[in-house]
$ cat model-v9.pdb   # PDB, C-alpha atoms
ATOM      1  CA  MET A   1     363.588 153.565-120.030
ATOM      2  CA  SER A   2     361.655 150.400-120.902
ATOM      3  CA  TYR A   3     362.157 147.090-119.167
ATOM      4  CA  PHE A   4     363.249 145.659-122.536
ATOM      5  CA  ARG A   5     366.144 148.107-122.774
ATOM      6  CA  THR A   6     367.007 147.409-119.150
ATOM      7  CA  ALA A   7     367.161 143.685-119.916
ATOM      8  CA  LEU A   8     369.203 144.369-123.062
ATOM      9  CA  LEU A   9     371.728 146.407-121.095
ATOM     10  CA  LEU A  10     372.029 143.738-118.417
ATOM     11  CA  ALA A  11     372.504 141.105-121.114
ATOM     12  CA  GLY A  12     375.318 143.138-122.645
ATOM     13  CA  LEU A  13     377.044 143.644-119.320
ATOM     14  CA  THR A  14     376.604 139.951-118.491
ATOM     15  CA  ALA A  15     378.180 139.012-121.842
ATOM     16  CA  LEU A  16     381.097 141.313-121.081
ATOM     17  CA  PHE A  17     381.410 139.748-117.645
ATOM     18  CA  MET A  18     381.492 136.272-119.219
ATOM     19  CA  GLY A  19     384.048 137.385-121.801
ATOM     20  CA  VAL A  20     386.415 138.566-119.093
ATOM     21  CA  GLY A  21     385.851 135.284-117.257
ATOM     22  CA  TYR A  22     386.677 133.343-120.425
ATOM     23  CA  LEU A  23     389.930 135.242-120.871
ATOM     24  CA  ILE A  24     390.879 134.484-117.279
ATOM     25  CA  GLY A  25     389.903 130.825-117.086
ATOM     26  CA  GLY A  26     388.651 129.579-120.448
ATOM     27  CA  ALA A  27     385.226 127.919-120.719
ATOM     28  CA  GLY A  28     385.200 127.121-117.018
ATOM     29  CA  GLY A  29     385.970 130.741-116.217
ATOM     30  CA  ALA A  30     383.099 131.894-118.443
ATOM     31  CA  VAL A  31     380.664 129.601-116.624
ATOM     32  CA  ILE A  32     381.884 130.857-113.262
ATOM     33  CA  ALA A  33     381.615 134.452-114.492
ATOM     34  CA  LEU A  34     378.046 133.784-115.676
ATOM     35  CA  ALA A  35     377.136 132.457-112.249
ATOM     36  CA  VAL A  36     378.774 135.463-110.606
ATOM     37  CA  ALA A  37     376.989 137.819-113.032
ATOM     38  CA  ALA A  38     373.603 136.212-112.275
ATOM     39  CA  ALA A  39     374.235 136.517-108.548
ATOM     40  CA  THR A  40     375.430 140.105-109.001
ATOM     41  CA  ASN A  41     372.321 141.023-111.021
ATOM     42  CA  LEU A  42     370.029 139.500-108.397
ATOM     43  CA  PHE A  43     371.915 141.129-105.543
ATOM     44  CA  ALA A  44     371.968 144.483-107.343
ATOM     45  CA  TYR A  45     368.217 144.346-107.957
ATOM     46  CA  TRP A  46     367.499 144.134-104.236
ATOM     47  CA  ASN A  47     370.455 145.937-102.685
ATOM     48  CA  SER A  48     372.177 148.289-105.129
ATOM     49  CA  ASP A  49     370.176 151.314-103.972
ATOM     50  CA  ARG A  50     371.350 150.812-100.382
ATOM     51  CA  MET A  51     374.908 150.252-101.577
ATOM     52  CA  VAL A  52     374.988 153.468-103.612
ATOM     53  CA  LEU A  53     373.505 155.499-100.762
ATOM     54  CA  ALA A  54     376.009 154.005 -98.323
ATOM     55  CA  MET A  55     379.045 154.598-100.533
ATOM     56  CA  HIS A  56     378.151 158.286-100.689
ATOM     57  CA  GLY A  57     377.492 158.579 -96.960
ATOM     58  CA  ALA A  58     373.827 159.501 -97.424
ATOM     59  CA  HIS A  59     371.623 159.623 -94.320
ATOM     60  CA  GLU A  60     367.841 159.663 -94.339
ATOM     61  CA  VAL A  61     365.965 162.783 -93.227
ATOM     62  CA  ASP A  62     362.316 163.422 -92.389
ATOM     63  CA  ARG A  63     360.054 166.325 -91.504
ATOM     64  CA  SER A  64     361.577 166.603 -88.036
ATOM     65  CA  THR A  65     365.141 167.032 -89.357
ATOM     66  CA  ALA A  66     364.620 168.633 -92.779
ATOM     67  CA  PRO A  67     361.036 169.905 -93.015
ATOM     68  CA  GLU A  68     361.462 172.246 -95.997
ATOM     69  CA  LEU A  69     363.303 169.695 -98.097
ATOM     70  CA  VAL A  70     360.902 166.842 -97.322
ATOM     71  CA  ASP A  71     357.840 169.046 -97.932
ATOM     72  CA  LEU A  72     359.280 170.166-101.273
ATOM     73  CA  VAL A  73     359.879 166.556-102.339
ATOM     74  CA  ALA A  74     356.370 165.581-101.183
ATOM     75  CA  GLY A  75     354.725 168.384-103.141
ATOM     76  CA  LEU A  76     356.604 167.575-106.334
ATOM     77  CA  ALA A  77     355.980 163.835-105.951
ATOM     78  CA  ALA A  78     352.263 164.564-105.706
ATOM     79  CA  ARG A  79     352.451 166.686-108.892
ATOM     80  CA  ALA A  80     354.224 163.781-110.620
ATOM     81  CA  ALA A  81     351.620 161.254-109.362
ATOM     82  CA  LEU A  82     354.367 159.283-107.604
ATOM     83  CA  PRO A  83     354.545 157.693-104.161
ATOM     84  CA  MET A  84     356.553 159.747-101.683
ATOM     85  CA  PRO A  85     360.201 158.656-102.017
ATOM     86  CA  ARG A  86     362.585 158.454 -99.084
ATOM     87  CA  VAL A  87     364.771 161.547 -98.807
ATOM     88  CA  PHE A  88     368.501 161.443 -98.108
ATOM     89  CA  LEU A  89     371.191 164.035 -97.479
ATOM     90  CA  MET A  90     374.876 163.668 -98.327
ATOM     91  CA  ASP A  91     377.339 165.745 -96.316
ATOM     92  CA  GLU A  92     379.125 166.941 -99.431
ATOM     93  CA  ALA A  93     380.099 170.487-100.425
ATOM     94  CA  GLN A  94     379.686 169.850-104.155
ATOM     95  CA  PRO A  95     376.080 170.582-105.194
ATOM     96  CA  ASN A  96     374.637 167.449-106.796
ATOM     97  CA  ALA A  97     371.827 164.895-106.540
ATOM     98  CA  PHE A  98     370.692 161.473-107.694
ATOM     99  CA  ALA A  99     367.714 159.132-107.428
ATOM    100  CA  THR A 100     367.828 155.402-106.792
ATOM    101  CA  GLY A 101     365.546 152.431-106.118
ATOM    102  CA  ARG A 102     364.240 149.445-108.052
ATOM    103  CA  ASN A 103     360.755 150.952-108.583
ATOM    104  CA  PRO A 104     358.681 154.031-107.615
ATOM    105  CA  GLN A 105     357.423 152.259-104.481
ATOM    106  CA  ASN A 106     360.992 151.749-103.233
ATOM    107  CA  ALA A 107     362.641 154.926-104.498
ATOM    108  CA  ALA A 108     364.899 157.457-102.824
ATOM    109  CA  VAL A 109     366.099 160.945-103.698
ATOM    110  CA  ALA A 110     369.514 161.983-102.388
ATOM    111  CA  VAL A 111     370.853 165.545-102.449
ATOM    112  CA  THR A 112     374.067 167.045-101.119
ATOM    113  CA  THR A 113     374.216 169.718 -98.451
ATOM    114  CA  GLY A 114     376.021 171.838-101.027
ATOM    115  CA  LEU A 115     372.958 171.661-103.255
ATOM    116  CA  VAL A 116     370.484 172.918-100.677
ATOM    117  CA  GLN A 117     372.899 175.635 -99.562
ATOM    118  CA  SER A 118     373.713 177.015-103.007
ATOM    119  CA  LEU A 119     370.397 176.870-104.879
ATOM    120  CA  SER A 120     367.223 178.887-104.561
ATOM    121  CA  ARG A 121     364.064 176.979-103.714
ATOM    122  CA  GLU A 122     362.966 177.205-107.351
ATOM    123  CA  GLU A 123     366.226 175.740-108.586
ATOM    124  CA  LEU A 124     366.110 173.025-105.935
ATOM    125  CA  ALA A 125     362.575 172.202-107.080
ATOM    126  CA  GLY A 126     363.860 171.835-110.638
ATOM    127  CA  VAL A 127     366.587 169.407-109.548
ATOM    128  CA  ILE A 128     364.261 167.300-107.409
ATOM    129  CA  ALA A 129     361.680 167.209-110.210
ATOM    130  CA  HIS A 130     364.431 165.931-112.544
ATOM    131  CA  GLU A 131     365.207 163.109-110.111
ATOM    132  CA  LEU A 132     361.507 162.292-109.759
ATOM    133  CA  ALA A 133     361.360 162.059-113.553
ATOM    134  CA  HIS A 134     364.047 159.355-113.408
ATOM    135  CA  ILE A 135     361.877 157.488-110.911
ATOM    136  CA  LYS A 136     358.771 157.851-113.066
ATOM    137  CA  HIS A 137     360.691 156.602-116.117
ATOM    138  CA  HIS A 138     362.031 153.624-114.086
ATOM    139  CA  ASP A 139     365.570 154.802-114.848
ATOM    140  CA  THR A 140     366.626 154.268-111.248
ATOM    141  CA  LEU A 141     366.668 150.472-111.509
ATOM    142  CA  LEU A 142     368.808 150.674-114.620
ATOM    143  CA  MET A 143     371.159 153.231-113.068
ATOM    144  CA  THR A 144     371.760 151.368-109.819
ATOM    145  CA  ILE A 145     372.248 147.951-111.406
ATOM    146  CA  THR A 146     374.535 149.426-114.071
ATOM    147  CA  ALA A 147     376.695 151.049-111.407
ATOM    148  CA  THR A 148     376.960 147.781-109.472
ATOM    149  CA  ILE A 149     377.802 145.571-112.450
ATOM    150  CA  ALA A 150     380.214 148.072-113.999
ATOM    151  CA  GLY A 151     382.129 148.108-110.726
ATOM    152  CA  ALA A 152     382.111 144.294-110.648
ATOM    153  CA  ILE A 153     383.518 144.153-114.195
ATOM    154  CA  SER A 154     386.350 146.469-113.189
ATOM    155  CA  MET A 155     387.168 144.308-110.166
ATOM    156  CA  LEU A 156     387.033 141.102-112.240
ATOM    157  CA  ALA A 157     389.382 142.607-114.826
ATOM    158  CA  GLN A 158     391.862 143.557-112.107
ATOM    159  CA  PHE A 159     391.454 140.088-110.618
ATOM    160  CA  GLY A 160     392.569 138.678-113.950
ATOM    161  CA  MET A 161     395.983 140.293-113.547
ATOM    162  CA  PHE A 162     396.731 137.937-110.679
ATOM    163  CA  PHE A 163     395.359 134.750-112.255
ATOM    164  CA  GLY A 164     395.737 135.337-115.979
ATOM    165  CA  GLY A 165     399.070 137.021-116.374
ATOM    166  CA  ASN A 166     401.300 133.937-116.566
ATOM    167  CA  ARG A 167     402.783 133.534-120.043
ATOM    168  CA  ASP A 168     402.902 129.750-119.551
ATOM    169  CA  ASN A 169     399.214 129.537-118.671
ATOM    170  CA  ASN A 170     397.451 128.372-121.839
ATOM    171  CA  ASN A 171     394.052 129.231-120.348
ATOM    172  CA  GLY A 172     395.008 132.782-119.501
ATOM    173  CA  PRO A 173     395.476 135.812-121.717
ATOM    174  CA  GLY A 174     399.121 136.353-120.788
ATOM    175  CA  ILE A 175     400.562 139.492-119.259
ATOM    176  CA  LEU A 176     399.864 141.722-122.269
ATOM    177  CA  GLY A 177     396.339 140.372-122.608
ATOM    178  CA  SER A 178     395.731 140.886-118.902
ATOM    179  CA  ILE A 179     396.856 144.501-119.110
ATOM    180  CA  ALA A 180     394.645 145.054-122.153
ATOM    181  CA  MET A 181     391.727 143.424-120.309
ATOM    182  CA  MET A 182     392.231 145.681-117.285
ATOM    183  CA  ILE A 183     391.911 148.703-119.555
ATOM    184  CA  LEU A 184     389.349 147.599-122.124
ATOM    185  CA  ALA A 185     386.811 145.778-119.928
ATOM    186  CA  PRO A 186     386.039 148.780-117.670
ATOM    187  CA  LEU A 187     386.110 151.016-120.757
ATOM    188  CA  ALA A 188     383.531 148.814-122.481
ATOM    189  CA  ALA A 189     381.310 148.919-119.374
ATOM    190  CA  MET A 190     381.621 152.700-119.339
ATOM    191  CA  LEU A 191     380.664 152.914-123.016
ATOM    192  CA  VAL A 192     377.490 150.955-122.276
ATOM    193  CA  GLN A 193     376.649 153.519-119.604
ATOM    194  CA  MET A 194     377.337 156.352-122.052
ATOM    195  CA  ALA A 195     375.077 154.785-124.690
ATOM    196  CA  ILE A 196     371.975 155.230-122.526
ATOM    197  CA  SER A 197     372.957 158.348-120.595
ATOM    198  CA  ARG A 198     372.184 160.979-123.252
ATOM    199  CA  THR A 199     368.564 160.064-123.854
ATOM    200  CA  ARG A 200     368.016 159.310-120.166
ATOM    201  CA  GLU A 201     369.169 162.754-119.028
ATOM    202  CA  TYR A 202     367.381 164.687-121.768
ATOM    203  CA  ALA A 203     364.128 162.831-121.086
ATOM    204  CA  ALA A 204     364.435 163.467-117.330
ATOM    205  CA  ASP A 205     365.153 167.159-117.969
ATOM    206  CA  ASP A 206     362.039 167.440-120.113
ATOM    207  CA  LEU A 207     359.685 165.667-117.719
ATOM    208  CA  GLY A 208     361.303 167.256-114.655
ATOM    209  CA  ALA A 209     360.768 170.747-116.075
ATOM    210  CA  ARG A 210     357.110 169.914-116.684
ATOM    211  CA  ILE A 211     356.699 168.562-113.155
ATOM    212  CA  ALA A 212     358.259 171.682-111.624
ATOM    213  CA  GLY A 213     356.273 173.923-113.956
ATOM    214  CA  GLU A 214     359.154 176.143-115.102
ATOM    215  CA  PRO A 215     362.011 174.891-117.336
ATOM    216  CA  LEU A 216     364.292 177.816-116.443
ATOM    217  CA  TRP A 217     364.454 176.720-112.801
ATOM    218  CA  LEU A 218     366.191 173.514-113.816
ATOM    219  CA  ALA A 219     368.281 175.311-116.451
ATOM    220  CA  SER A 220     369.590 177.722-113.832
ATOM    221  CA  ALA A 221     370.325 174.860-111.421
ATOM    222  CA  LEU A 222     372.234 172.881-114.061
ATOM    223  CA  ALA A 223     374.436 175.869-114.823
ATOM    224  CA  LYS A 224     375.256 176.393-111.149
ATOM    225  CA  ILE A 225     375.907 172.708-110.456
ATOM    226  CA  ASP A 226     378.096 172.300-113.545
ATOM    227  CA  ASN A 227     380.148 175.362-112.612
ATOM    228  CA  ALA A 228     380.623 174.123-109.026
ATOM    229  CA  ALA A 229     381.427 170.529-110.036
ATOM    230  CA  HIS A 230     384.581 171.723-111.796
ATOM    231  CA  ARG A 231     385.740 173.622-108.695
ATOM    232  CA  ILE A 232     384.595 171.470-105.769
ATOM    233  CA  PRO A 233     385.803 167.846-105.628
ATOM    234  CA  ASN A 234     383.476 165.052-104.548
ATOM    235  CA  ALA A 235     385.698 162.554-102.708
ATOM    236  CA  ALA A 236     383.092 159.775-102.533
ATOM    237  CA  ALA A 237     382.389 160.018-106.264
ATOM    238  CA  GLU A 238     386.103 160.041-107.116
ATOM    239  CA  HIS A 239     386.516 156.806-105.144
ATOM    240  CA  ASN A 240     383.440 155.244-106.804
ATOM    241  CA  PRO A 241     383.467 156.488-110.430
ATOM    242  CA  ALA A 242     381.185 153.655-111.617
ATOM    243  CA  ALA A 243     378.260 155.472-109.967
ATOM    244  CA  ALA A 244     379.032 158.881-111.488
ATOM    245  CA  HIS A 245     376.377 158.457-114.198
ATOM    246  CA  MET A 246     373.650 158.475-111.528
ATOM    247  CA  PHE A 247     374.168 162.137-110.610
ATOM    248  CA  ILE A 248     372.360 164.996-112.332
ATOM    249  CA  ILE A 249     375.771 166.452-113.314
ATOM    250  CA  ASN A 250     378.971 164.411-113.612
ATOM    251  CA  PRO A 251     380.544 164.720-110.119
ATOM    252  CA  LEU A 252     384.081 163.756-111.214
ATOM    253  CA  SER A 253     386.723 166.453-111.310
ATOM    254  CA  GLY A 254     388.332 165.172-114.481
ATOM    255  CA  ARG A 255     391.809 165.344-112.963
ATOM    256  CA  GLY A 256     392.466 161.704-113.861
ATOM    257  CA  PHE A 257     391.192 159.407-116.575
ATOM    258  CA  ASP A 258     387.818 158.911-114.864
ATOM    259  CA  ASN A 259     386.393 161.759-116.907
ATOM    260  CA  LEU A 260     388.015 160.871-120.240
ATOM    261  CA  PHE A 261     384.594 159.990-121.649
ATOM    262  CA  THR A 262     381.783 161.763-119.841
ATOM    263  CA  THR A 263     378.620 159.852-118.993
ATOM    264  CA  HIS A 264     376.494 163.007-119.273
ATOM    265  CA  PRO A 265     375.409 165.088-122.247
ATOM    266  CA  SER A 266     376.705 168.631-122.577
ATOM    267  CA  THR A 267     375.259 170.932-119.919
ATOM    268  CA  GLU A 268     375.055 173.727-122.496
ATOM    269  CA  ASN A 269     372.959 171.519-124.757
ATOM    270  CA  ARG A 270     370.710 170.534-121.876
ATOM    271  CA  ILE A 271     370.179 174.192-120.949
ATOM    272  CA  ALA A 272     369.437 175.056-124.584
ATOM    273  CA  ALA A 273     366.841 172.269-124.741
ATOM    274  CA  LEU A 274     365.223 173.571-121.544
ATOM    275  CA  ARG A 275     365.096 177.104-122.957
ATOM    276  CA  ASP A 276     363.405 175.731-126.071
ATOM    277  CA  LEU A 277     360.939 173.857-123.877
ATOM    278  CA  GLY A 278     360.260 177.049-121.930
ATOM    279  CA  ARG A 279     359.402 178.877-125.127
ATOM    280  CA  GLU A 280     357.265 175.958-126.239
ATOM    281  CA  LEU A 281     355.318 175.968-122.979
ATOM    282  CA  GLY A 282     355.068 179.737-122.932
ATOM    283  CA  ALA A 283     357.174 179.904-119.772
ATOM    284  CA  ARG A 284     357.999 183.360-118.494
ATOM    285  CA  GLY A 285     361.502 184.107-117.266
ATOM    286  CA  VAL A 286     364.644 186.110-117.953
ATOM    287  CA  ASP A 287     367.112 184.392-120.292
ATOM    288  CA  ALA A 288     369.925 185.225-117.866
ATOM    289  CA  ALA A 289     368.322 182.873-115.359
ATOM    290  CA  ALA A 290     370.035 179.970-117.082
ATOM    291  CA  ARG A 291     373.525 181.360-116.496
ATOM    292  CA  PRO A 292     375.692 180.783-113.401
ATOM    293  CA  GLY A 293     375.053 183.302-110.655
ATOM    294  CA  HIS A 294     371.481 184.028-111.712
ATOM    295  CA  ALA A 295     368.357 182.468-110.256
ATOM    296  CA  PRO A 296     364.726 182.855-111.223
ATOM    297  CA  GLN A 297     363.067 185.176-108.745
ATOM    298  CA  GLY A 298     359.839 184.215-107.057
ATOM    299  CA  PRO A 299     358.029 183.536-103.793
ATOM    300  CA  TRP A 300     360.083 180.375-103.131
ATOM    301  CA  ASN A 301     363.367 182.265-102.635
ATOM    302  CA  ARG A 302     364.580 182.208 -99.054
ATOM    303  CA  SER A 303     367.377 183.572 -96.957
ATOM    304  CA  SER A 304     370.103 181.349 -95.534
ATOM    305  CA  ALA A 305     368.667 181.878 -92.064
ATOM    306  CA  SER A 306     365.400 180.199 -93.035
ATOM    307  CA  ARG A 307     366.862 177.039 -94.519
ATOM    308  CA  GLY A 308     366.697 174.981 -91.361
ATOM    309  CA  PRO A 309     369.182 172.508 -89.881
ATOM    310  CA  TRP A 310     369.538 170.552 -93.135
ATOM    311  CA  GLY A 311     370.812 173.564 -95.122
TER     312      GLY A 311
END

$ encode --input "model-v9.pdb" --output "structure tokens"
Amino acid sequence: MSYFRTALLLAGLTALFMGVGYLIGGAGGAVIALAVAAATNLFAYWNSDRMVLAMHGAHEVDRSTAPELVDLVAGLAARAALPMPRVFLMDEAQPNAFATGRNPQNAAVAVTTGLVQSLSREELAGVIAHELAHIKHHDTLLMTITATIAGAISMLAQFGMFFGGNRDNNNGPGILGSIAMMILAPLAAMLVQMAISRTREYAADDLGARIAGEPLWLASALAKIDNAAHRIPNAAAEHNPAAAHMFIINPLSGRGFDNLFTTHPSTENRIAALRDLGRELGARGVDAAARPGHAPQGPWNRSSASRGPWG
């Protein structure tokens, strides 16, 4: 994702922020919203990665606490010609992962305990390589800032209900306008996220498979994660849906309206693209490896007893 597209996205979100401010307080409200948006963008640039990690309860691990995981990340980062990112674990049963950070020198990879417990080492390598691809493409800055600003737009829209819902207030949108704003502003922010998500995920799948060296490892992992995400709720993600687009698979259960429009492309289509890439690269593997319950076999497989304290 180029810096131009990042700037374009931020400009669009800032314009949306200003529009909500204008509806709440007229021209003065738009100016205030612009100032808030500028401060939010600056704050998000420096702090959004820490905020996202904190909201999901991620804690940093190293070779003394999670040697296999950290060594795997280090090996794949070297293959990708990237600096070693910080590694975080989330105490979450749902298998999932995301990357964050404003640049490769300040990046982090976060995985759930459910991920390391349910995947083979090959599949885990595929997932981590996918997240490293996001870092290499500089997607992580875009993802973290988008999550922060989208959440701010939702809060501002709700704020407007208290200060813009008076029918006698000529500067406000009125009660019906306030209700519409509460619904449409977060929806518009979500649509901006959706607009970039498809190409971002497909590109990370492609590069991640090349980094790992075997597209079917990632294909198998995606199938398992997608299957589990529909059965195992992720409480932190449900409480912070604006960050759902950061995960490798949408972590939301879909029980409410959070999942009305998904921020991720179809898992089946992603798996099909990885199979095509495998054939293109001459990869060797059983086609069943990309279905739930099947994992590519190889020397990286390990028993649950050998996973260490982090698994």

$ closest_residue --input "model-v9.pdb" --among "A:Asn106, A:Gln94, A:Asn269, A:Thr199" --to "Lys224 (chain A)" --atoms "only C-alpha atoms"
A:Gln94

$ atom_distance --input "model-v9.pdb" --atom1 "CA of His130 (chain A)" --atom2 "CA of Glu268 (chain A)"
16.5 Å

$ closest_residue --input "model-v9.pdb" --among "A:Thr267, A:Asn234, A:Thr40, A:Thr100" --to "Gly114 (chain A)" --atoms "all atoms listed in the file"
A:Asn234

$ residues_around --input "model-v9.pdb" --residues "region 74-81 of chain A" --least-positions-apart "3" --cutoff "8 Å" --atoms "only C-alpha atoms" --output "PyMOL selection string"
chain A and resi 70-71+84-85+125+128-129+132-133+136+211-212

$ write_last_selection --input "model-v9.pdb" --atoms "C-alpha atoms" --output "PDB file, in the coordinates of the input"
ATOM      1  CA  VAL A  70     360.902 166.842 -97.322  1.00  0.00           C
ATOM      2  CA  ASP A  71     357.840 169.046 -97.932  1.00  0.00           C
ATOM      3  CA  MET A  84     356.553 159.747-101.683  1.00  0.00           C
ATOM      4  CA  PRO A  85     360.201 158.656-102.017  1.00  0.00           C
ATOM      5  CA  ALA A 125     362.575 172.202-107.080  1.00  0.00           C
ATOM      6  CA  ILE A 128     364.261 167.300-107.409  1.00  0.00           C
ATOM      7  CA  ALA A 129     361.680 167.209-110.210  1.00  0.00           C
ATOM      8  CA  LEU A 132     361.507 162.292-109.759  1.00  0.00           C
ATOM      9  CA  ALA A 133     361.360 162.059-113.553  1.00  0.00           C
ATOM     10  CA  LYS A 136     358.771 157.851-113.066  1.00  0.00           C
ATOM     11  CA  ILE A 211     356.699 168.562-113.155  1.00  0.00           C
ATOM     12  CA  ALA A 212     358.259 171.682-111.624  1.00  0.00           C
TER      13      ALA A 212
END

$ residues_near_point --input "model-v9.pdb" --point "(371.9, 170.2, -108.4)" --cutoff "9 Å" --atoms "all atoms listed in the file" --output "list in words"
Gln94, Pro95, Asn96, Ala97, Phe98, Val111, Thr112, Gly114, Leu115, Val116, Ser118, Leu119, Glu123, Leu124, Gly126, Val127, Ile128, Leu218, Ala221, Leu222, Ala223, Lys224, Ile225, Asp226, Phe247, Ile248 and Ile249 of chain A

$ write_last_selection --input "model-v9.pdb" --atoms "C-alpha atoms" --output "mmCIF file, in the coordinates of the input"
data_model
loop_
_atom_site.group_PDB
_atom_site.id
_atom_site.type_symbol
_atom_site.label_atom_id
_atom_site.label_comp_id
_atom_site.auth_asym_id
_atom_site.auth_seq_id
_atom_site.Cartn_x
_atom_site.Cartn_y
_atom_site.Cartn_z
ATOM 1 C CA GLN A 94 379.686 169.850 -104.155
ATOM 2 C CA PRO A 95 376.080 170.582 -105.194
ATOM 3 C CA ASN A 96 374.637 167.449 -106.796
ATOM 4 C CA ALA A 97 371.827 164.895 -106.540
ATOM 5 C CA PHE A 98 370.692 161.473 -107.694
ATOM 6 C CA VAL A 111 370.853 165.545 -102.449
ATOM 7 C CA THR A 112 374.067 167.045 -101.119
ATOM 8 C CA GLY A 114 376.021 171.838 -101.027
ATOM 9 C CA LEU A 115 372.958 171.661 -103.255
ATOM 10 C CA VAL A 116 370.484 172.918 -100.677
ATOM 11 C CA SER A 118 373.713 177.015 -103.007
ATOM 12 C CA LEU A 119 370.397 176.870 -104.879
ATOM 13 C CA GLU A 123 366.226 175.740 -108.586
ATOM 14 C CA LEU A 124 366.110 173.025 -105.935
ATOM 15 C CA GLY A 126 363.860 171.835 -110.638
ATOM 16 C CA VAL A 127 366.587 169.407 -109.548
ATOM 17 C CA ILE A 128 364.261 167.300 -107.409
ATOM 18 C CA LEU A 218 366.191 173.514 -113.816
ATOM 19 C CA ALA A 221 370.325 174.860 -111.421
ATOM 20 C CA LEU A 222 372.234 172.881 -114.061
ATOM 21 C CA ALA A 223 374.436 175.869 -114.823
ATOM 22 C CA LYS A 224 375.256 176.393 -111.149
ATOM 23 C CA ILE A 225 375.907 172.708 -110.456
ATOM 24 C CA ASP A 226 378.096 172.300 -113.545
ATOM 25 C CA PHE A 247 374.168 162.137 -110.610
ATOM 26 C CA ILE A 248 372.360 164.996 -112.332
ATOM 27 C CA ILE A 249 375.771 166.452 -113.314
#

$ closest_residue --input "model-v9.pdb" --among "A:Gly12, A:Pro251, A:Gly278, A:Pro265" --to "Ala236 (chain A)" --atoms "all atoms listed in the file"
A:Pro251

$ atom_distance --input "model-v9.pdb" --atom1 "CA of Glu92 (chain A)" --atom2 "CA of Ala110 (chain A)"
11.2 Å

$ resolve_selection --input "model-v9.pdb" --expression "the PyMOL selection byres ((chain A and resi 214) around 10)" --output "list in words"
Glu122, Glu123, Ala125, Gly126, Gly208, Ala209, Arg210, Ile211, Ala212, Gly213, Pro215, Leu216, Trp217, Leu218, Ala219, Leu274, Arg275, Leu277, Gly278, Leu281, Gly282, Ala283, Arg284, Gly285 and Pro296 of chain A

$ atom_distance --input "model-v9.pdb" --atom1 "CA of Leu8 (chain A)" --atom2 "CA of Asn240 (chain A)"
24.2 Å

$ resolve_selection --input "model-v9.pdb" --expression "the PyMOL selection byres ((chain A and resi 45-52) around 6)" --output "list in words"
Leu42, Phe43, Ala44, Leu53, Ala54, Met55, Thr100, Gly101 and Thr144 of chain A

$ closest_residue --input "model-v9.pdb" --among "A:Ile232, A:Val87, A:Ile153, A:Leu13" --to "Glu131 (chain A)" --atoms "all atoms listed in the file"
A:Val87
